[in-house]
Each structure stands twice: as structure tokens, then as C-alpha cells.
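Engineer: For reference, the file entry39.csv (CSV, C-alpha atoms) is included below:
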```csv
chain,number,residue,atom,x,y,z
V,94,VAL,CA,78.0,91.3,86.4
V,95,ALA,CA,76.2,94.2,88.0
V,96,PRO,CA,72.5,94.8,87.3
V,97,GLY,CA,72.1,97.3,84.5
V,98,THR,CA,75.3,96.4,82.8
V,99,ILE,CA,75.4,96.7,79.0
V,100,ILE,CA,77.9,94.4,77.3
V,101,LYS,CA,78.6,95.2,73.7
V,102,MET,CA,80.0,92.3,71.7
V,103,ALA,CA,82.5,92.8,69.0
V,104,PRO,CA,81.9,91.3,65.5
V,105,GLY,CA,82.2,87.5,65.8
V,106,ALA,CA,82.8,87.6,69.6
V,107,TRP,CA,81.6,84.8,71.9
V,108,ILE,CA,81.5,83.9,75.5
V,109,ALA,CA,82.4,80.4,76.7
V,110,VAL,CA,81.4,79.4,80.3
V,111,ASN,CA,83.2,76.5,81.9
V,112,GLU,CA,82.3,77.2,85.6
V,113,LYS,CA,79.2,78.1,87.5
V,114,TRP,CA,78.2,81.6,86.2
V,115,GLN,CA,75.3,83.5,87.6
V,116,VAL,CA,74.4,86.6,85.7
V,117,ILE,CA,71.4,88.1,87.6
V,118,GLY,CA,69.9,91.5,86.8
V,119,THR,CA,66.6,93.0,88.0
V,120,ALA,CA,63.3,93.8,86.2
V,121,GLU,CA,64.3,97.5,86.4
V,122,LYS,CA,68.0,96.9,85.5
V,123,PRO,CA,68.4,93.9,83.2
V,124,ILE,CA,71.9,92.9,82.0
V,125,ILE,CA,72.1,93.2,78.3
V,126,PHE,CA,74.3,91.5,75.8
V,127,THR,CA,74.1,93.2,72.4
V,128,SER,CA,76.0,94.2,69.3
V,129,ALA,CA,78.8,96.8,69.4
V,130,ARG,CA,76.9,98.5,66.6
V,131,ASP,CA,73.8,98.9,68.8
V,132,ASP,CA,73.8,102.7,69.6
V,133,SER,CA,70.3,102.5,71.2
V,134,LEU,CA,72.0,101.3,74.4
V,135,GLY,CA,75.0,103.0,76.0
V,136,GLY,CA,75.6,105.4,73.1
V,137,ASP,CA,77.8,105.2,70.1
V,138,THR,CA,80.4,102.8,71.5
V,139,ASN,CA,82.2,102.1,68.2
V,140,GLY,CA,82.4,105.9,67.4
V,141,ASP,CA,81.0,105.8,63.9
V,142,GLY,CA,77.8,107.8,64.3
V,143,ASP,CA,75.2,106.3,62.0
V,144,GLY,CA,77.8,104.5,59.9
V,145,THR,CA,76.7,101.1,61.1
V,146,LEU,CA,73.5,99.7,62.4
V,147,PRO,CA,73.0,96.5,64.5
V,148,ALA,CA,71.9,93.4,62.6
V,149,LYS,CA,71.1,89.7,63.4
V,150,GLY,CA,74.4,87.8,63.6
V,151,ASP,CA,76.7,90.6,64.5
V,152,TRP,CA,78.2,88.4,67.2
V,153,GLU,CA,78.3,84.7,67.9
V,154,SER,CA,76.9,83.1,71.1
V,155,ILE,CA,77.0,82.4,74.8
V,156,TYR,CA,78.2,78.8,75.3
V,157,PHE,CA,77.7,76.9,78.5
V,158,GLU,CA,80.3,74.1,78.5
V,159,THR,CA,81.3,71.3,80.8
V,160,GLY,CA,81.8,72.7,84.3
V,161,SER,CA,79.0,75.3,84.0
V,162,ASP,CA,76.4,73.2,85.9
V,163,GLY,CA,74.2,75.5,88.1
V,164,SER,CA,74.7,78.5,85.9
V,165,VAL,CA,71.8,81.1,85.8
V,166,LEU,CA,70.8,83.9,83.5
V,167,GLN,CA,68.1,86.0,85.1
V,168,TYR,CA,66.7,89.3,83.9
V,169,VAL,CA,69.0,89.3,80.9
V,170,GLU,CA,68.5,90.4,77.3
V,171,VAL,CA,70.5,88.9,74.4
V,172,ARG,CA,70.3,90.7,71.0
V,173,TYR,CA,71.8,90.4,67.6
V,174,ALA,CA,73.7,87.2,68.1
V,175,GLY,CA,73.9,84.1,65.8
V,176,GLN,CA,76.9,84.0,63.4
V,177,SER,CA,80.5,83.3,64.0
V,178,TYR,CA,81.2,86.4,62.0
V,179,PRO,CA,78.8,88.9,60.4
V,180,GLY,CA,77.8,87.9,57.0
V,181,ASN,CA,79.4,84.4,56.9
V,182,ASN,CA,76.2,82.4,57.4
V,183,ASP,CA,77.9,80.2,60.0
V,184,ARG,CA,74.7,79.9,62.1
V,185,ARG,CA,74.8,79.7,65.9
V,186,ALA,CA,72.3,79.7,68.7
V,187,ALA,CA,72.2,82.8,70.9
V,188,ILE,CA,72.5,80.7,74.0
V,189,GLN,CA,73.8,77.1,73.8
V,190,ALA,CA,74.2,74.5,76.6
V,191,ASN,CA,76.6,71.9,75.2
V,192,GLY,CA,78.5,70.7,78.2
V,193,VAL,CA,78.4,67.3,79.9
V,194,GLY,CA,75.9,67.6,82.8
V,195,ALA,CA,75.5,71.3,82.3
V,196,ASN,CA,72.2,72.2,83.9
V,197,VAL,CA,71.5,75.8,83.0
V,198,THR,CA,68.6,78.0,84.1
V,199,ILE,CA,67.2,80.8,81.9
V,200,LYS,CA,64.7,82.9,83.8
V,201,ASN,CA,63.2,86.3,82.9
V,202,VAL,CA,65.4,86.4,79.8
V,203,ARG,CA,64.5,88.1,76.5
V,204,ILE,CA,66.2,86.9,73.3
V,205,ALA,CA,65.5,88.9,70.2
V,206,GLN,CA,66.8,89.5,66.7
V,207,ASN,CA,69.0,86.5,66.6
V,208,PHE,CA,70.3,85.2,63.2
V,209,ASP,CA,69.4,81.6,64.0
V,210,THR,CA,68.2,79.6,66.9
V,211,GLY,CA,67.4,81.3,70.2
V,212,LEU,CA,68.2,78.5,72.7
V,213,LEU,CA,70.0,75.2,72.0
V,214,GLN,CA,70.3,72.3,74.4
V,215,SER,CA,73.0,70.1,73.0
V,216,GLY,CA,74.7,68.7,76.1
V,217,THR,CA,73.6,66.0,78.5
V,218,GLY,CA,72.0,68.2,81.1
V,219,THR,CA,68.6,70.0,81.4
V,220,MET,CA,67.9,73.5,80.2
V,221,THR,CA,65.3,75.2,82.4
V,222,VAL,CA,63.5,78.1,80.8
V,223,GLN,CA,61.1,80.2,82.8
V,224,ASP,CA,59.1,83.4,82.3
V,225,SER,CA,61.1,84.3,79.2
V,226,VAL,CA,60.5,85.7,75.7
V,227,VAL,CA,62.1,84.3,72.5
V,228,ASN,CA,61.2,86.6,69.7
V,229,ASP,CA,62.2,87.3,66.1
V,230,MET,CA,64.7,84.5,65.3
V,231,GLY,CA,66.0,83.3,62.0
V,232,GLY,CA,65.8,79.7,63.4
V,233,ALA,CA,63.7,77.9,66.0
V,234,GLY,CA,63.0,79.4,69.4
V,235,LEU,CA,64.3,76.3,71.2
V,236,VAL,CA,66.1,73.3,69.8
V,237,VAL,CA,66.7,70.2,72.1
V,238,ASN,CA,69.3,68.1,70.4
V,239,GLN,CA,70.4,66.1,73.4
V,240,GLY,CA,69.4,66.0,77.1
V,241,SER,CA,66.1,67.7,78.0
V,242,ALA,CA,64.4,71.1,78.4
V,243,SER,CA,61.9,72.2,81.0
V,244,VAL,CA,59.9,75.3,79.9
V,245,SER,CA,57.2,77.3,81.7
V,246,ASN,CA,55.5,80.6,81.1
V,247,THR,CA,57.5,81.5,78.1
V,248,LEU,CA,56.5,83.3,74.8
V,249,PHE,CA,57.7,82.0,71.5
V,250,ALA,CA,56.8,84.5,68.7
V,251,VAL,CA,57.8,85.4,65.2
V,252,LEU,CA,59.7,82.3,64.5
V,253,PRO,CA,60.0,79.7,61.7
V,254,VAL,CA,59.6,76.9,64.4
V,255,GLY,CA,58.8,77.2,68.1
V,256,VAL,CA,60.3,74.2,69.8
V,257,SER,CA,62.1,71.4,68.0
V,258,ILE,CA,63.1,68.0,69.6
V,259,ALA,CA,65.7,65.7,68.1
V,260,PRO,CA,65.7,61.9,68.4
V,261,GLY,CA,66.2,60.7,72.0
V,262,ALA,CA,65.9,64.2,73.5
V,263,SER,CA,62.9,65.4,75.4
V,264,ALA,CA,61.0,68.5,76.4
V,265,THR,CA,58.3,69.5,78.9
V,266,VAL,CA,56.6,72.7,78.0
V,267,HIS,CA,53.7,74.1,80.2
V,268,GLY,CA,52.1,77.6,80.3
V,269,ALA,CA,53.9,78.7,77.2
V,270,SER,CA,52.4,80.8,74.4
V,271,PHE,CA,53.1,80.4,70.6
V,272,ALA,CA,52.3,83.2,68.2
V,273,ASN,CA,53.2,84.0,64.6
V,274,ILE,CA,55.0,80.7,63.9
V,275,SER,CA,55.5,80.2,60.2
V,276,GLY,CA,56.2,76.4,60.6
V,277,ASN,CA,55.4,74.1,63.5
V,278,ALA,CA,55.0,75.6,66.9
V,279,ALA,CA,56.2,72.3,68.3
V,280,GLN,CA,57.8,69.4,66.4
V,281,THR,CA,59.6,66.2,67.4
V,282,ALA,CA,61.6,63.5,65.6
V,283,ASN,CA,60.5,60.9,68.3
V,284,THR,CA,57.6,58.6,68.2
V,285,ASP,CA,56.9,58.6,71.9
V,286,LEU,CA,54.4,61.1,73.2
V,287,ALA,CA,56.0,61.0,76.6
V,288,LEU,CA,59.1,62.7,75.2
V,289,ALA,CA,57.1,65.9,74.2
V,290,ASP,CA,54.8,67.0,77.0
V,291,PHE,CA,53.2,70.2,75.8
V,292,THR,CA,50.0,70.3,77.8
V,293,GLY,CA,48.5,73.5,79.1
V,294,ASN,CA,49.9,75.9,76.5
V,295,TRP,CA,48.3,78.7,74.4
V,296,TRP,CA,48.4,77.9,70.7
V,297,GLY,CA,46.8,81.0,69.3
V,298,ASP,CA,43.2,79.8,69.5
V,299,PRO,CA,40.9,78.5,72.3
V,300,ALA,CA,40.5,75.3,70.2
V,301,GLY,CA,44.2,74.4,70.7
V,302,PRO,CA,46.9,73.6,68.1
V,303,ASN,CA,46.2,72.6,64.6
V,304,ASP,CA,46.9,68.9,64.2
V,305,THR,CA,45.3,67.2,61.1
V,306,SER,CA,47.4,64.1,61.1
V,307,PRO,CA,46.1,60.9,62.8
V,308,THR,CA,49.4,59.1,62.8
V,309,ASP,CA,49.9,59.4,66.6
V,310,GLY,CA,46.3,58.8,67.4
V,311,GLN,CA,45.5,62.5,68.0
V,312,VAL,CA,43.6,64.8,65.7
V,313,ASN,CA,42.7,68.4,66.5
V,314,ALA,CA,41.3,70.4,63.6
V,315,SER,CA,42.0,74.0,64.7
V,316,PRO,CA,42.7,76.1,61.5
V,317,ASN,CA,43.4,79.2,63.6
V,318,GLY,CA,45.7,77.4,66.0
V,319,GLU,CA,49.5,77.1,65.6
V,320,PRO,CA,50.4,73.8,63.9
V,321,VAL,CA,52.2,70.9,65.6
V,322,SER,CA,53.8,67.8,64.3
V,323,ASP,CA,52.9,64.2,65.2
V,324,PHE,CA,53.8,62.9,68.7
V,325,ILE,CA,53.4,66.2,70.5
V,326,ASN,CA,51.3,65.6,73.6
V,327,TYR,CA,49.2,68.7,73.7
V,328,GLY,CA,46.5,67.2,75.9
V,329,LYS,CA,43.6,66.7,73.6
```
Could I get this structure in the form of C-alpha cells?
Structural biologist:
Amino acid sequence: VAPGTIIKMAPGAWIAVNEKWQVIGTAEKPIIFTSARDDSLGGDTNGDGDGTLPAKGDWESIYFETGSDGSVLQYVEVRYAGQSYPGNNDRRAAIQANGVGANVTIKNVRIAQNFDTGLLQSGTGTMTVQDSVVNDMGGAGLVVNQGSASVSNTLFAVLPVGVSIAPGASATVHGASFANISGNAAQTANTDLALADFTGNWWGDPAGPNDTSPTDGQVNASPNGEPVSDFINYGK
């Protein structure tokens, strides 16, 4: 896919990757996946003038399946994904790694206006997220259901949850920023601090995240900081 390419996805469309796929744009010419109704990019592709406007959930997802190990998205934007068909409330992540051993790298990627989760790691590999922005989602910015995630220098903003970790999964998050999170900026279902390494992040306040529960042996009263659940190792 050439830098600067705009790919407009039809209602309910999706991409399934089952081999190594490297989609690499540039800072000046990102590769953009968006709704066919998005006239702000590439003109009025569907030929209806102002008859339709883009919305969260216009198309489904990008899936990285078994065989996609080593895939890279770099200088890419993903907009208006998140439902298997517009209006049916069948929620999907904008980008999902669900393959066996599918290690996928997300770098300099912007994900915005998704109906549900931005990034979902649900396979046995590791999702690496670097220098990216996950903004304005209907679900969590990143969900780690299985395997692991390694995140650095990434902004999570305007979300119900920043990062969510399921039982047995793990995440390492450093140099990230959390802003305008209505729920927890970081949460885990595990009871092992080693499975949620969130040291060295910006939580919206110099005092760090807001953690008022002593259950895991940590307490950090920071009313202006973004909240976290128990068993998040934020380094206090």
C-alpha cells in the first residue's frame, strides 16, 4: 500500500490478514482507512453529496489472524470502524490481533471515532504499540484478553477505559499519557502486579494516578489524576 493511500471501507467491510502485512506510510503521507461516507478525504466517493455523513461503526475491523506474525502498521490512521454493520450494535475493535503467535507492531498510528475498542489483543502473541494515539472510542483504548501488549509513548484520550487486562494476560506500558478517561485509565482482572507494569506514565496530574484502595498494598490519593484499579504497578 503506497504512502498517502486513502482506503474507504464499505458498510460492514473488514480486512483479515493471514500473512505478514506491512502497511507503512510516512508522517507527511499517512495511509488512511476510513468510512466510504467520509467525504473529508478523497472527495465524495459514494456520490451522494451531503446525503450521508461518516459515523462510528460504519465498517468493521482490521483482523490480524494466524500467519500474520511480523505485520506492521506504521503512519496509519483508522477511522469510523467498530461494528459488523452500521447500526446493529455488534461491537468490534478497530484493530484486532487474534491469531496464534501473531506478533503485530502498531507504530505512529492514530485510531479515532471507533464505535468500540481501539486495539484488541486476543491471540497468543504480543501487540507492540509505539508513538500512537487512541482517541474518542466507544470502548477501551486497548484490551488485552490473551497474550501480552507492550506500549510506549502513546496517548489514550476521551475513552471510557484506557487499558484493560483480562485474567492471565499482561501489559507493559511506559511513557504513555492518559487524559479524559471516564472510568479507569488502567484496570486488570489479575492479582499480580507483575502482569500490569505501568511505571513512568502521565496520569493527568504530577501526583500520579488516583488509587484510593489499599487492597494491593498501594495507595495514592491524587484526586486530579486518572483513576486506576487495584494491582496496577504505577511505581508509587
Engineer: Produce a table with one row for each residue of stretch 146-189 of chain V that has an atom at most 8 Å from any atom of stretch 124-137 of chain V, each row naming the nearest atom pair and its distance in Å at one decimal; use only C-alpha atoms; arrange rows by chain and rising residue number; format as a Markdown table.
Structural biologist:
```
| residue | atom | partner | partner_atom | distance |
| --- | --- | --- | --- | --- |
| V:Leu146 | CA | V:Arg130 | CA | 5.5 |
| V:Pro147 | CA | V:Arg130 | CA | 4.9 |
| V:Ala148 | CA | V:Ser128 | CA | 7.9 |
| V:Asp151 | CA | V:Ser128 | CA | 6.0 |
| V:Trp152 | CA | V:Ser128 | CA | 6.5 |
| V:Tyr168 | CA | V:Ile124 | CA | 6.6 |
| V:Val169 | CA | V:Ile124 | CA | 4.8 |
| V:Glu170 | CA | V:Ile125 | CA | 4.7 |
| V:Val171 | CA | V:Phe126 | CA | 4.8 |
| V:Arg172 | CA | V:Thr127 | CA | 4.8 |
| V:Tyr173 | CA | V:Ser128 | CA | 5.9 |
| V:Ala174 | CA | V:Thr127 | CA | 7.4 |
```
Engineer: For stretch 282-284 of chain V, list every protein, DNA or RNA residue within 12 Å, evaluated using only C-alpha atoms, and leave out those in the same chain fewer than 4 positions away; present the list as an MDAnalysis selection string.
Structural biologist: chainID V and resid 236:238 256:264 288:289 308:310 321:326
Engineer: At what distance in Å, to one decimal, does atom CA of V:Val94 lie from atom CA of V:Gly118?
Structural biologist: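 One can read the atom CA of V:Gly118 to atom CA of V:Val94 distance as 8.1 Å.
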Engineer: Could you make a table, as CSV, of the residues of stretch 144-263 of chain V that have an atom within 12 Å of an atom of stretch 98-115 of chain V, each with its nearest atom pair and distance in Å to one decimal, counting only C-alpha atoms, in chain and number order?
Structural biologist:
```
residue,atom,partner,partner_atom,distance
V:Thr145,CA,V:Pro104,CA,11.9
V:Pro147,CA,V:Pro104,CA,10.4
V:Ala148,CA,V:Pro104,CA,10.6
V:Lys149,CA,V:Pro104,CA,11.1
V:Gly150,CA,V:Gly105,CA,8.1
V:Asp151,CA,V:Pro104,CA,5.3
V:Trp152,CA,V:Gly105,CA,4.3
V:Glu153,CA,V:Trp107,CA,5.2
V:Ser154,CA,V:Trp107,CA,5.1
V:Ile155,CA,V:Ile108,CA,4.8
V:Tyr156,CA,V:Ala109,CA,4.7
V:Phe157,CA,V:Val110,CA,4.8
V:Glu158,CA,V:Asn111,CA,5.1
V:Thr159,CA,V:Asn111,CA,5.6
V:Gly160,CA,V:Asn111,CA,4.7
V:Ser161,CA,V:Glu112,CA,4.1
V:Asp162,CA,V:Lys113,CA,5.9
V:Gly163,CA,V:Lys113,CA,5.7
V:Ser164,CA,V:Trp114,CA,4.7
V:Val165,CA,V:Gln115,CA,4.6
V:Leu166,CA,V:Gln115,CA,6.1
V:Gln167,CA,V:Gln115,CA,8.0
V:Tyr168,CA,V:Gln115,CA,11.0
V:Val169,CA,V:Thr98,CA,9.7
V:Glu170,CA,V:Ile99,CA,9.5
V:Val171,CA,V:Ile100,CA,9.7
V:Arg172,CA,V:Lys101,CA,9.8
V:Tyr173,CA,V:Met102,CA,9.4
V:Ala174,CA,V:Gly105,CA,8.8
V:Gly175,CA,V:Gly105,CA,9.0
V:Gln176,CA,V:Gly105,CA,6.8
V:Ser177,CA,V:Gly105,CA,4.9
V:Tyr178,CA,V:Gly105,CA,4.1
V:Pro179,CA,V:Pro104,CA,6.4
V:Gly180,CA,V:Gly105,CA,9.8
V:Asn181,CA,V:Gly105,CA,9.8
V:Asn182,CA,V:Gly105,CA,11.5
V:Asp183,CA,V:Gly105,CA,10.3
V:Arg184,CA,V:Gly105,CA,11.3
V:Arg185,CA,V:Trp107,CA,10.4
V:Ala186,CA,V:Trp107,CA,11.1
V:Ala187,CA,V:Trp107,CA,9.7
V:Ile188,CA,V:Ile108,CA,9.7
V:Gln189,CA,V:Ala109,CA,9.7
V:Ala190,CA,V:Val110,CA,9.5
V:Asn191,CA,V:Val110,CA,10.3
V:Gly192,CA,V:Asn111,CA,8.3
V:Val193,CA,V:Asn111,CA,10.6
V:Gly194,CA,V:Asn111,CA,11.5
V:Ala195,CA,V:Asn111,CA,9.3
V:Asn196,CA,V:Lys113,CA,9.8
V:Val197,CA,V:Lys113,CA,9.2
V:Thr198,CA,V:Gln115,CA,9.3
V:Ile199,CA,V:Gln115,CA,10.3
V:Lys200,CA,V:Gln115,CA,11.3
```
Engineer: Please check which residues have atoms at most 9 Å from (54.1, 71.4, 83.5) in the file's coordinates, counting all atoms listed in the file, and write them as a ChimeraX atom specification.
Structural biologist: /V:243-245,265-268,290-293
Engineer: Rounded to one decimal, what separation in Å do you get between atom CA of V:Thr305 and atom CA of V:Ile274?
Structural biologist: 16.9 Å
Engineer: Calculate how many Å separate atom CA of V:Pro299 from atom CA of V:Gly318, rounding to one decimal.
Structural biologist: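 Between atom CA of V:Pro299 and atom CA of V:Gly318 the gap is 8.0 Å.
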Engineer: Using all atoms listed in the file, which residue out of V:Glu121, V:Asp304, V:Asp143, V:Glu319 lies closest to V:Gly97?
Structural biologist: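 Nearest candidate to V:Gly97 out of V:Glu121, V:Asp304, V:Asp143, V:Glu319: V:Glu121.
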Engineer: Between V:Asn273, V:Gln311, V:Thr138, V:Gln280, which one has atoms that come closest to V:Trp296, using only C-alpha atoms?
Structural biologist: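 The shortest atom-to-atom distance to V:Trp296 comes from V:Asn273.
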